[in-house]
$ cat coords-v9.pdb   # PDB, C-alpha atoms
ATOM      1  CA  MET A   1     123.303 108.356 112.822  1.00  0.00           C
ATOM      2  CA  HIS A   2     122.664 106.673 109.480  1.00  0.00           C
ATOM      3  CA  LYS A   3     126.122 107.471 108.183  1.00  0.00           C
ATOM      4  CA  ASN A   4     127.885 106.103 111.259  1.00  0.00           C
ATOM      5  CA  SER A   5     125.891 102.881 111.537  1.00  0.00           C
ATOM      6  CA  ASN A   6     128.926 100.824 110.525  1.00  0.00           C
ATOM      7  CA  LYS A   7     130.899 102.288 113.434  1.00  0.00           C
ATOM      8  CA  ILE A   8     128.426 101.145 116.085  1.00  0.00           C
ATOM      9  CA  ASP A   9     128.180  97.703 117.679  1.00  0.00           C
ATOM     10  CA  LEU A  10     124.780  96.629 116.384  1.00  0.00           C
ATOM     11  CA  LYS A  11     124.855  92.939 117.249  1.00  0.00           C
ATOM     12  CA  LYS A  12     121.886  93.244 119.602  1.00  0.00           C
ATOM     13  CA  ALA A  13     119.876  95.756 117.582  1.00  0.00           C
ATOM     14  CA  PRO A  14     116.455  94.564 116.359  1.00  0.00           C
ATOM     15  CA  ILE A  15     116.297  93.946 112.613  1.00  0.00           C
ATOM     16  CA  GLU A  16     113.429  94.998 110.343  1.00  0.00           C
ATOM     17  CA  LYS A  17     111.389  92.014 109.127  1.00  0.00           C
ATOM     18  CA  PHE A  18     108.731  93.989 107.191  1.00  0.00           C
ATOM     19  CA  ASN A  19     105.964  92.140 109.013  1.00  0.00           C
ATOM     20  CA  ILE A  20     102.612  93.665 110.019  1.00  0.00           C
ATOM     21  CA  GLY A  21     102.433  92.437 113.599  1.00  0.00           C
ATOM     22  CA  PHE A  22      99.266  94.371 114.429  1.00  0.00           C
ATOM     23  CA  LYS A  23      97.220  93.122 111.458  1.00  0.00           C
ATOM     24  CA  ASP A  24      95.037  90.651 113.380  1.00  0.00           C
ATOM     25  CA  GLU A  25      94.496  93.110 116.235  1.00  0.00           C
ATOM     26  CA  LEU A  26      93.215  95.785 113.866  1.00  0.00           C
ATOM     27  CA  ILE A  27      90.907  93.389 112.026  1.00  0.00           C
ATOM     28  CA  ASN A  28      89.599  92.046 115.338  1.00  0.00           C
ATOM     29  CA  GLY A  29      88.896  95.574 116.570  1.00  0.00           C
ATOM     30  CA  ILE A  30      86.926  96.420 113.441  1.00  0.00           C
ATOM     31  CA  ASN A  31      84.981  93.156 113.720  1.00  0.00           C
ATOM     32  CA  ILE A  32      84.055  93.946 117.325  1.00  0.00           C
ATOM     33  CA  LEU A  33      82.773  97.355 116.260  1.00  0.00           C
ATOM     34  CA  GLU A  34      80.880  95.856 113.334  1.00  0.00           C
ATOM     35  CA  GLN A  35      79.202  93.238 115.516  1.00  0.00           C
ATOM     36  CA  ASN A  36      78.252  95.833 118.160  1.00  0.00           C
ATOM     37  CA  LYS A  37      80.146  94.008 120.879  1.00  0.00           C
ATOM     38  CA  ARG A  38      81.299  95.911 123.954  1.00  0.00           C
ATOM     39  CA  LEU A  39      80.041  99.250 122.635  1.00  0.00           C
ATOM     40  CA  SER A  40      79.413 100.428 126.174  1.00  0.00           C
ATOM     41  CA  ASN A  41      79.760 104.168 125.628  1.00  0.00           C
ATOM     42  CA  LYS A  42      79.182 106.881 123.056  1.00  0.00           C
ATOM     43  CA  TYR A  43      82.854 107.029 122.096  1.00  0.00           C
ATOM     44  CA  LYS A  44      82.898 103.405 120.982  1.00  0.00           C
ATOM     45  CA  VAL A  45      79.680 104.005 119.053  1.00  0.00           C
ATOM     46  CA  LYS A  46      81.309 107.014 117.351  1.00  0.00           C
ATOM     47  CA  LEU A  47      84.367 104.900 116.540  1.00  0.00           C
ATOM     48  CA  ALA A  48      82.127 102.289 114.926  1.00  0.00           C
ATOM     49  CA  LYS A  49      80.402 104.962 112.835  1.00  0.00           C
ATOM     50  CA  LEU A  50      83.805 106.171 111.632  1.00  0.00           C
ATOM     51  CA  LEU A  51      85.424 102.825 110.859  1.00  0.00           C
ATOM     52  CA  ILE A  52      82.709 100.512 109.585  1.00  0.00           C
ATOM     53  CA  PRO A  53      82.015 102.548 106.394  1.00  0.00           C
ATOM     54  CA  MET A  54      85.790 102.546 105.771  1.00  0.00           C
ATOM     55  CA  LYS A  55      86.342  98.849 106.476  1.00  0.00           C
ATOM     56  CA  ASN A  56      87.035  97.867 102.865  1.00  0.00           C
ATOM     57  CA  GLU A  57      89.516 100.705 102.407  1.00  0.00           C
ATOM     58  CA  ILE A  58      91.315  99.819 105.644  1.00  0.00           C
ATOM     59  CA  ILE A  59      91.571  96.130 104.725  1.00  0.00           C
ATOM     60  CA  SER A  60      92.747  97.074 101.236  1.00  0.00           C
ATOM     61  CA  LEU A  61      95.533  99.225 102.688  1.00  0.00           C
ATOM     62  CA  LEU A  62      96.513  96.398 105.019  1.00  0.00           C
ATOM     63  CA  GLU A  63      96.781  94.038 102.055  1.00  0.00           C
ATOM     64  CA  LYS A  64      98.854  96.558 100.083  1.00  0.00           C
ATOM     65  CA  THR A  65     101.203  96.989 103.032  1.00  0.00           C
ATOM     66  CA  VAL A  66     101.658  93.240 103.445  1.00  0.00           C
ATOM     67  CA  LYS A  67     102.390  92.927  99.720  1.00  0.00           C
ATOM     68  CA  LEU A  68     104.920  95.768  99.835  1.00  0.00           C
ATOM     69  CA  GLY A  69     106.641  94.166 102.818  1.00  0.00           C
ATOM     70  CA  LYS A  70     107.072  90.890 100.944  1.00  0.00           C
ATOM     71  CA  SER A  71     108.412  92.680  97.868  1.00  0.00           C
ATOM     72  CA  ILE A  72     110.923  94.732  99.877  1.00  0.00           C
ATOM     73  CA  ARG A  73     112.117  91.657 101.766  1.00  0.00           C
ATOM     74  CA  LEU A  74     113.031  90.008  98.476  1.00  0.00           C
ATOM     75  CA  LYS A  75     115.054  93.059  97.400  1.00  0.00           C
ATOM     76  CA  GLU A  76     117.210  92.892 100.548  1.00  0.00           C
ATOM     77  CA  PRO A  77     117.762  96.665 100.898  1.00  0.00           C
ATOM     78  CA  ASP A  78     120.698  98.100 102.814  1.00  0.00           C
ATOM     79  CA  PHE A  79     120.050  98.691 106.507  1.00  0.00           C
ATOM     80  CA  VAL A  80     121.190 101.528 108.751  1.00  0.00           C
ATOM     81  CA  LEU A  81     120.483 102.315 112.380  1.00  0.00           C
ATOM     82  CA  CYS A  82     117.046 103.989 112.441  1.00  0.00           C
ATOM     83  CA  HIS A  83     115.269 105.801 115.243  1.00  0.00           C
ATOM     84  CA  THR A  84     111.892 104.871 113.617  1.00  0.00           C
ATOM     85  CA  ASP A  85     109.920 107.705 115.253  1.00  0.00           C
ATOM     86  CA  PRO A  86     111.712 111.033 114.614  1.00  0.00           C
ATOM     87  CA  ILE A  87     108.574 113.121 115.064  1.00  0.00           C
ATOM     88  CA  PRO A  88     108.837 116.728 116.356  1.00  0.00           C
ATOM     89  CA  GLN A  89     107.905 115.616 119.880  1.00  0.00           C
ATOM     90  CA  ASN A  90     111.072 113.500 119.945  1.00  0.00           C
ATOM     91  CA  LEU A  91     113.391 116.324 118.894  1.00  0.00           C
ATOM     92  CA  ILE A  92     115.047 118.692 121.349  1.00  0.00           C
ATOM     93  CA  ILE A  93     116.973 121.762 120.194  1.00  0.00           C
ATOM     94  CA  ASN A  94     119.136 123.547 122.746  1.00  0.00           C
ATOM     95  CA  LYS A  95     120.202 127.193 122.836  1.00  0.00           C
ATOM     96  CA  ASN A  96     123.235 126.354 120.679  1.00  0.00           C
ATOM     97  CA  HIS A  97     120.902 124.900 118.035  1.00  0.00           C
ATOM     98  CA  ASP A  98     122.170 121.377 118.638  1.00  0.00           C
ATOM     99  CA  VAL A  99     119.506 118.801 117.809  1.00  0.00           C
ATOM    100  CA  PHE A 100     118.926 115.774 120.023  1.00  0.00           C
ATOM    101  CA  LEU A 101     116.698 112.763 119.362  1.00  0.00           C
ATOM    102  CA  ILE A 102     114.974 111.249 122.383  1.00  0.00           C
ATOM    103  CA  ASP A 103     112.803 108.154 122.943  1.00  0.00           C
ATOM    104  CA  TRP A 104     114.904 105.359 121.462  1.00  0.00           C
ATOM    105  CA  ASP A 105     112.567 102.497 122.369  1.00  0.00           C
ATOM    106  CA  GLY A 106     111.885 101.662 118.720  1.00  0.00           C
ATOM    107  CA  VAL A 107     115.446 101.771 117.388  1.00  0.00           C
ATOM    108  CA  LYS A 108     116.241  99.076 114.828  1.00  0.00           C
ATOM    109  CA  LEU A 109     118.270  98.231 111.749  1.00  0.00           C
ATOM    110  CA  ALA A 110     116.129  99.147 108.766  1.00  0.00           C
ATOM    111  CA  PRO A 111     116.241 100.945 105.404  1.00  0.00           C
ATOM    112  CA  LYS A 112     117.011 104.658 105.773  1.00  0.00           C
ATOM    113  CA  GLU A 113     113.547 105.436 104.392  1.00  0.00           C
ATOM    114  CA  HIS A 114     112.116 104.323 107.752  1.00  0.00           C
ATOM    115  CA  ASP A 115     113.276 107.670 109.164  1.00  0.00           C
ATOM    116  CA  LEU A 116     113.328 109.779 106.001  1.00  0.00           C
ATOM    117  CA  TRP A 117     109.656 109.545 105.062  1.00  0.00           C
ATOM    118  CA  PHE A 118     108.719 111.660 108.091  1.00  0.00           C
ATOM    119  CA  TYR A 119     110.450 114.669 106.497  1.00  0.00           C
ATOM    120  CA  LEU A 120     109.166 114.456 102.933  1.00  0.00           C
ATOM    121  CA  TRP A 121     106.083 116.623 103.399  1.00  0.00           C
ATOM    122  CA  ASP A 122     107.430 120.106 104.141  1.00  0.00           C
ATOM    123  CA  ASN A 123     110.171 121.395 101.840  1.00  0.00           C
ATOM    124  CA  PRO A 124     111.449 117.912 100.920  1.00  0.00           C
ATOM    125  CA  THR A 125     114.043 119.235  98.461  1.00  0.00           C
ATOM    126  CA  LEU A 126     115.801 121.217 101.181  1.00  0.00           C
ATOM    127  CA  PHE A 127     115.739 118.278 103.561  1.00  0.00           C
ATOM    128  CA  LEU A 128     116.945 115.709 101.017  1.00  0.00           C
ATOM    129  CA  THR A 129     119.694 118.005  99.754  1.00  0.00           C
ATOM    130  CA  SER A 130     120.913 118.562 103.314  1.00  0.00           C
ATOM    131  CA  TYR A 131     120.750 114.841 104.016  1.00  0.00           C
ATOM    132  CA  LYS A 132     122.738 114.049 100.877  1.00  0.00           C
ATOM    133  CA  ASN A 133     125.433 116.548 101.887  1.00  0.00           C
ATOM    134  CA  ILE A 134     125.998 114.430 104.982  1.00  0.00           C
ATOM    135  CA  TYR A 135     125.275 110.953 103.662  1.00  0.00           C
ATOM    136  CA  GLU A 136     126.908 111.632 100.263  1.00  0.00           C
ATOM    137  CA  SER A 137     124.957 109.071  98.246  1.00  0.00           C
ATOM    138  CA  LEU A 138     121.178 109.064  98.341  1.00  0.00           C
ATOM    139  CA  THR A 139     118.625 107.154  96.324  1.00  0.00           C
ATOM    140  CA  LEU A 140     115.056 106.752  97.479  1.00  0.00           C
ATOM    141  CA  ASP A 141     113.045 103.563  97.103  1.00  0.00           C
ATOM    142  CA  LYS A 142     109.396 104.418  96.502  1.00  0.00           C
ATOM    143  CA  GLU A 143     108.194 101.006  97.660  1.00  0.00           C
ATOM    144  CA  VAL A 144     109.998 101.352 100.974  1.00  0.00           C
ATOM    145  CA  ILE A 145     108.669 104.869 101.595  1.00  0.00           C
ATOM    146  CA  LEU A 146     105.121 103.753 100.803  1.00  0.00           C
ATOM    147  CA  PHE A 147     105.499 100.727 103.069  1.00  0.00           C
ATOM    148  CA  TYR A 148     106.475 102.850 106.065  1.00  0.00           C
ATOM    149  CA  PHE A 149     103.883 105.525 105.308  1.00  0.00           C
ATOM    150  CA  TYR A 150     101.098 102.947 105.100  1.00  0.00           C
ATOM    151  CA  PHE A 151     102.497 101.034 108.077  1.00  0.00           C
ATOM    152  CA  ARG A 152     102.466 104.087 110.332  1.00  0.00           C
ATOM    153  CA  ILE A 153      98.884 105.015 109.446  1.00  0.00           C
ATOM    154  CA  LEU A 154      97.672 101.502 110.210  1.00  0.00           C
ATOM    155  CA  GLU A 155      99.819 101.098 113.316  1.00  0.00           C
ATOM    156  CA  ASP A 156      98.476 104.334 114.784  1.00  0.00           C
ATOM    157  CA  LEU A 157      94.916 103.376 113.861  1.00  0.00           C
ATOM    158  CA  THR A 158      95.361 100.020 115.604  1.00  0.00           C
ATOM    159  CA  TYR A 159      96.629 101.754 118.733  1.00  0.00           C
ATOM    160  CA  TRP A 160      93.740 104.200 118.933  1.00  0.00           C
ATOM    161  CA  VAL A 161      91.118 101.539 118.207  1.00  0.00           C
ATOM    162  CA  TYR A 162      92.553  99.382 120.986  1.00  0.00           C
ATOM    163  CA  THR A 163      92.717 102.188 123.541  1.00  0.00           C
ATOM    164  CA  ILE A 164      89.165 103.358 122.847  1.00  0.00           C
ATOM    165  CA  LEU A 165      87.819  99.811 123.053  1.00  0.00           C
ATOM    166  CA  ASN A 166      89.834  98.559 126.002  1.00  0.00           C
ATOM    167  CA  GLU A 167      91.734 101.175 127.983  1.00  0.00           C
ATOM    168  CA  ASN A 168      90.394 104.716 127.998  1.00  0.00           C
ATOM    169  CA  ILE A 169      88.293 105.695 130.989  1.00  0.00           C
ATOM    170  CA  GLU A 170      88.294 109.460 130.522  1.00  0.00           C
ATOM    171  CA  GLY A 171      86.090 111.236 128.009  1.00  0.00           C
ATOM    172  CA  LYS A 172      88.842 113.744 127.271  1.00  0.00           C
ATOM    173  CA  GLN A 173      91.221 111.013 126.122  1.00  0.00           C
ATOM    174  CA  ASN A 174      88.532 109.324 124.047  1.00  0.00           C
ATOM    175  CA  LYS A 175      87.746 112.612 122.309  1.00  0.00           C
ATOM    176  CA  SER A 176      91.427 113.158 121.559  1.00  0.00           C
ATOM    177  CA  ASP A 177      91.871 109.643 120.178  1.00  0.00           C
ATOM    178  CA  LEU A 178      88.742 109.914 118.037  1.00  0.00           C
ATOM    179  CA  ARG A 179      90.043 113.171 116.554  1.00  0.00           C
ATOM    180  CA  GLU A 180      93.291 111.433 115.612  1.00  0.00           C
ATOM    181  CA  VAL A 181      91.431 108.500 114.078  1.00  0.00           C
ATOM    182  CA  GLU A 182      89.293 110.796 111.958  1.00  0.00           C
ATOM    183  CA  SER A 183      91.665 113.636 111.052  1.00  0.00           C
ATOM    184  CA  TYR A 184      94.904 111.666 110.751  1.00  0.00           C
ATOM    185  CA  CYS A 185      94.264 108.001 109.966  1.00  0.00           C
ATOM    186  CA  LEU A 186      90.999 108.011 108.052  1.00  0.00           C
ATOM    187  CA  GLU A 187      91.785 111.218 106.182  1.00  0.00           C
ATOM    188  CA  ARG A 188      94.945 109.603 104.828  1.00  0.00           C
ATOM    189  CA  ILE A 189      93.286 106.291 104.063  1.00  0.00           C
ATOM    190  CA  GLU A 190      90.445 108.041 102.231  1.00  0.00           C
ATOM    191  CA  ASN A 191      92.952 110.063 100.190  1.00  0.00           C
ATOM    192  CA  ILE A 192      95.664 107.439  99.923  1.00  0.00           C
ATOM    193  CA  ASP A 193      96.080 107.836  96.156  1.00  0.00           C
ATOM    194  CA  LYS A 194      96.708 111.558  96.596  1.00  0.00           C
ATOM    195  CA  TYR A 195      99.447 110.874  99.132  1.00  0.00           C
ATOM    196  CA  LYS A 196     100.924 108.122  96.971  1.00  0.00           C
ATOM    197  CA  ASN A 197     101.096 110.500  94.003  1.00  0.00           C
ATOM    198  CA  LYS A 198     102.698 113.174  96.178  1.00  0.00           C
ATOM    199  CA  ILE A 199     105.418 110.755  97.245  1.00  0.00           C
ATOM    200  CA  SER A 200     106.029 109.806  93.609  1.00  0.00           C
ATOM    201  CA  THR A 201     106.267 113.478  92.636  1.00  0.00           C
ATOM    202  CA  ILE A 202     108.746 114.203  95.427  1.00  0.00           C
ATOM    203  CA  ILE A 203     111.001 111.333  94.380  1.00  0.00           C
ATOM    204  CA  ILE A 204     110.847 112.216  90.677  1.00  0.00           C
ATOM    205  CA  HIS A 205     111.570 115.877  91.417  1.00  0.00           C
ATOM    206  CA  TYR A 206     114.524 114.967  93.612  1.00  0.00           C
ATOM    207  CA  GLU A 207     115.993 112.516  91.088  1.00  0.00           C
ATOM    208  CA  ASN A 208     115.653 114.988  88.197  1.00  0.00           C
ATOM    209  CA  ARG A 209     117.247 117.963  89.926  1.00  0.00           C
TER     210      ARG A 209
END

$ encode --input "coords-v9.pdb" --output "structure tokens"
Amino acid sequence: MHKNSNKIDLKKAPIEKFNIGFKDELINGINILEQNKRLSNKYKVKLAKLLIPMKNEIISLLEKTVKLGKSIRLKEPDFVLCHTDPIPQNLIINKNHDVFLIDWDGVKLAPKEHDLWFYLWDNPTLFLTSYKNIYESLTLDKEVILFYFYFRILEDLTYWVYTILNENIEGKQNKSDLREVESYCLERIENIDKYKNKISTIIIHYENR
């Protein structure tokens, strides 16, 4: 997909702007929790207990992400056609071992790192080597990878905060969303330096092979 981007008519494809469109929504959600507004059930109270102690860290990560977006925009990186959400749930493998990507709602023109960062956690050397065999030339921009890593954490957090505050009516869904907030979003925010160092190590290891 990345390699053949120049062979596809992309005139109507959305283009990455490196903006944080959900920033105000996330801040507003945290403020509502902090001011004890609309905390009508135990799940919202639990969400407040999780987020309020982490408010400074969340805002700090938002600010870092905004800063990275501005820096990347100035560099004008090359764009390719990106799926933007190539998670396992969006991959289908048939009996012939052909791989298909589904759910193309978020497709856009963006740096290749928008898709690649998803695969840098488990055996990144194997993945990057395989990718390079197809794409031929591969350099990784640490700033871009960090931007998308931070962006996804905050975007998912915004989604779960909104659904718990405004949409969920079933306890089962609230419990599931709270687990994701705590075990996925807040765990990464709390240990963001560890993840940042891991990304740096992966890039250095790949470049020095």

$ closest_residue --input "coords-v9.pdb" --among "A:Ser176, A:Thr139, A:Gln89, A:Ser130" --to "Glu207 in chain A" --atoms "only C-alpha atoms"
A:Thr139

$ residues_around --input "coords-v9.pdb" --residues "Leu116 in chain A" --least-positions-apart "4" --cutoff "9 Å" --atoms "all atoms listed in the file" --output "VMD selection string"
chain A and resid 86 112 120 128 145

$ resolve_selection --input "coords-v9.pdb" --expression "the PyMOL selection byres ((chain A and resi 164-169) around 12)" --output "MDAnalysis selection string"
chainID A and resid 25:26 28:33 36:48 157:163 170:181

$ closest_residue --input "coords-v9.pdb" --among "A:Lys75, A:Lys64, A:Lys142, A:Lys95" --to "Ile204 in chain A" --atoms "all atoms listed in the file"
A:Lys142

$ atom_distance --input "coords-v9.pdb" --atom1 "CA of Leu138 in chain A" --atom2 "CA of Thr125 in chain A"
12.4 Å

$ closest_residue --input "coords-v9.pdb" --among "A:Ile58, A:Met1, A:Leu146, A:Leu140" --to "His83 in chain A" --atoms "all atoms listed in the file"
A:Met1

$ atom_distance --input "coords-v9.pdb" --atom1 "CA of Ile52 in chain A" --atom2 "CA of Gly21 in chain A"
21.7 Å

$ atom_distance --input "coords-v9.pdb" --atom1 "CA of His114 in chain A" --atom2 "CA of Lys17 in chain A"
12.4 Å

$ residues_around --input "coords-v9.pdb" --residues "Ala13 in chain A" --least-positions-apart "6" --cutoff "9 Å" --atoms "only C-alpha atoms" --output "ChimeraX atom specification"
/A:81,107-109

$ residues_around --input "coords-v9.pdb" --residues "Asp85 in chain A" --least-positions-apart "5" --cutoff "10 Å" --atoms "all atoms listed in the file" --output "MDAnalysis selection string"
chainID A and resid 90:91 101:107 114:115 118 152

$ closest_residue --input "coords-v9.pdb" --among "A:Asp98, A:Tyr119, A:Pro14, A:Leu61" --to "Phe79 in chain A" --atoms "only C-alpha atoms"
A:Pro14

$ closest_residue --input "coords-v9.pdb" --among "A:Glu16, A:Glu182, A:Glu57, A:Asp122" --to "Cys82 in chain A" --atoms "all atoms listed in the file"
A:Glu16

$ residues_around --input "coords-v9.pdb" --residues "Lys67 in chain A" --least-positions-apart "5" --cutoff "12 Å" --atoms "only C-alpha atoms" --output "number ranges by chain"
A: 18-20, 60-62, 72-74, 143-144, 146-147, 150-151

$ build_atoms --input "coords-v9.pdb" --residues "range 147-172 of chain A" --atoms "N, CA and C atoms" --output "mmCIF file, in the coordinates of the input"
data_model
loop_
_atom_site.group_PDB
_atom_site.id
_atom_site.type_symbol
_atom_site.label_atom_id
_atom_site.label_comp_id
_atom_site.auth_asym_id
_atom_site.auth_seq_id
_atom_site.Cartn_x
_atom_site.Cartn_y
_atom_site.Cartn_z
ATOM 1 N N PHE A 147 105.690 101.735 102.022
ATOM 2 C CA PHE A 147 105.499 100.727 103.069
ATOM 3 C C PHE A 147 105.449 101.384 104.434
ATOM 4 N N TYR A 148 106.425 102.240 104.734
ATOM 5 C CA TYR A 148 106.475 102.850 106.065
ATOM 6 C C TYR A 148 105.376 103.888 106.268
ATOM 7 N N PHE A 149 104.994 104.574 105.212
ATOM 8 C CA PHE A 149 103.883 105.525 105.308
ATOM 9 C C PHE A 149 102.589 104.786 105.622
ATOM 10 N N TYR A 150 102.300 103.740 104.857
ATOM 11 C CA TYR A 150 101.098 102.947 105.100
ATOM 12 C C TYR A 150 101.155 102.296 106.481
ATOM 13 N N PHE A 151 102.315 101.734 106.807
ATOM 14 C CA PHE A 151 102.497 101.034 108.077
ATOM 15 C C PHE A 151 102.161 101.949 109.248
ATOM 16 N N ARG A 152 102.669 103.174 109.204
ATOM 17 C CA ARG A 152 102.466 104.087 110.332
ATOM 18 C C ARG A 152 100.996 104.459 110.488
ATOM 19 N N ILE A 153 100.316 104.706 109.379
ATOM 20 C CA ILE A 153 98.884 105.015 109.446
ATOM 21 C C ILE A 153 98.130 103.885 110.137
ATOM 22 N N LEU A 154 98.388 102.665 109.692
ATOM 23 C CA LEU A 154 97.672 101.502 110.210
ATOM 24 C C LEU A 154 98.078 101.169 111.640
ATOM 25 N N GLU A 155 99.345 101.346 111.950
ATOM 26 C CA GLU A 155 99.819 101.098 113.316
ATOM 27 C C GLU A 155 99.163 102.067 114.292
ATOM 28 N N ASP A 156 99.117 103.342 113.919
ATOM 29 C CA ASP A 156 98.476 104.334 114.784
ATOM 30 C C ASP A 156 96.982 104.063 114.920
ATOM 31 N N LEU A 157 96.341 103.693 113.818
ATOM 32 C CA LEU A 157 94.916 103.376 113.861
ATOM 33 C C LEU A 157 94.663 102.207 114.814
ATOM 34 N N THR A 158 95.493 101.180 114.721
ATOM 35 C CA THR A 158 95.361 100.020 115.604
ATOM 36 C C THR A 158 95.466 100.436 117.064
ATOM 37 N N TYR A 159 96.423 101.289 117.352
ATOM 38 C CA TYR A 159 96.629 101.754 118.733
ATOM 39 C C TYR A 159 95.398 102.486 119.252
ATOM 40 N N TRP A 160 94.878 103.411 118.461
ATOM 41 C CA TRP A 160 93.740 104.200 118.933
ATOM 42 C C TRP A 160 92.467 103.367 119.024
ATOM 43 N N VAL A 161 92.277 102.433 118.113
ATOM 44 C CA VAL A 161 91.118 101.539 118.207
ATOM 45 C C VAL A 161 91.202 100.725 119.496
ATOM 46 N N TYR A 162 92.379 100.204 119.780
ATOM 47 C CA TYR A 162 92.553 99.382 120.986
ATOM 48 C C TYR A 162 92.305 100.195 122.256
ATOM 49 N N THR A 163 92.873 101.399 122.311
ATOM 50 C CA THR A 163 92.717 102.188 123.541
ATOM 51 C C THR A 163 91.268 102.611 123.766
ATOM 52 N N ILE A 164 90.571 102.962 122.701
ATOM 53 C CA ILE A 164 89.165 103.358 122.847
ATOM 54 C C ILE A 164 88.310 102.172 123.273
ATOM 55 N N LEU A 165 88.602 100.998 122.726
ATOM 56 C CA LEU A 165 87.819 99.811 123.053
ATOM 57 C C LEU A 165 88.146 99.234 124.422
ATOM 58 N N ASN A 166 89.401 99.347 124.845
ATOM 59 C CA ASN A 166 89.834 98.559 126.002
ATOM 60 C C ASN A 166 90.449 99.329 127.168
ATOM 61 N N GLU A 167 90.948 100.538 126.931
ATOM 62 C CA GLU A 167 91.734 101.175 127.983
ATOM 63 C C GLU A 167 91.189 102.507 128.485
ATOM 64 N N ASN A 168 90.761 103.355 127.594
ATOM 65 C CA ASN A 168 90.394 104.716 127.998
ATOM 66 C C ASN A 168 89.225 104.730 128.982
ATOM 67 N N ILE A 169 89.386 105.535 130.025
ATOM 68 C CA ILE A 169 88.293 105.695 130.989
ATOM 69 C C ILE A 169 87.849 107.152 131.079
ATOM 70 N N GLU A 170 88.628 108.042 130.484
ATOM 71 C CA GLU A 170 88.294 109.460 130.522
ATOM 72 C C GLU A 170 87.752 109.929 129.178
ATOM 73 N N GLY A 171 86.681 110.710 129.232
ATOM 74 C CA GLY A 171 86.090 111.236 128.009
ATOM 75 C C GLY A 171 87.051 112.101 127.228
ATOM 76 N N LYS A 172 87.884 112.857 127.932
ATOM 77 C CA LYS A 172 88.842 113.744 127.271
ATOM 78 C C LYS A 172 89.805 112.960 126.395
#
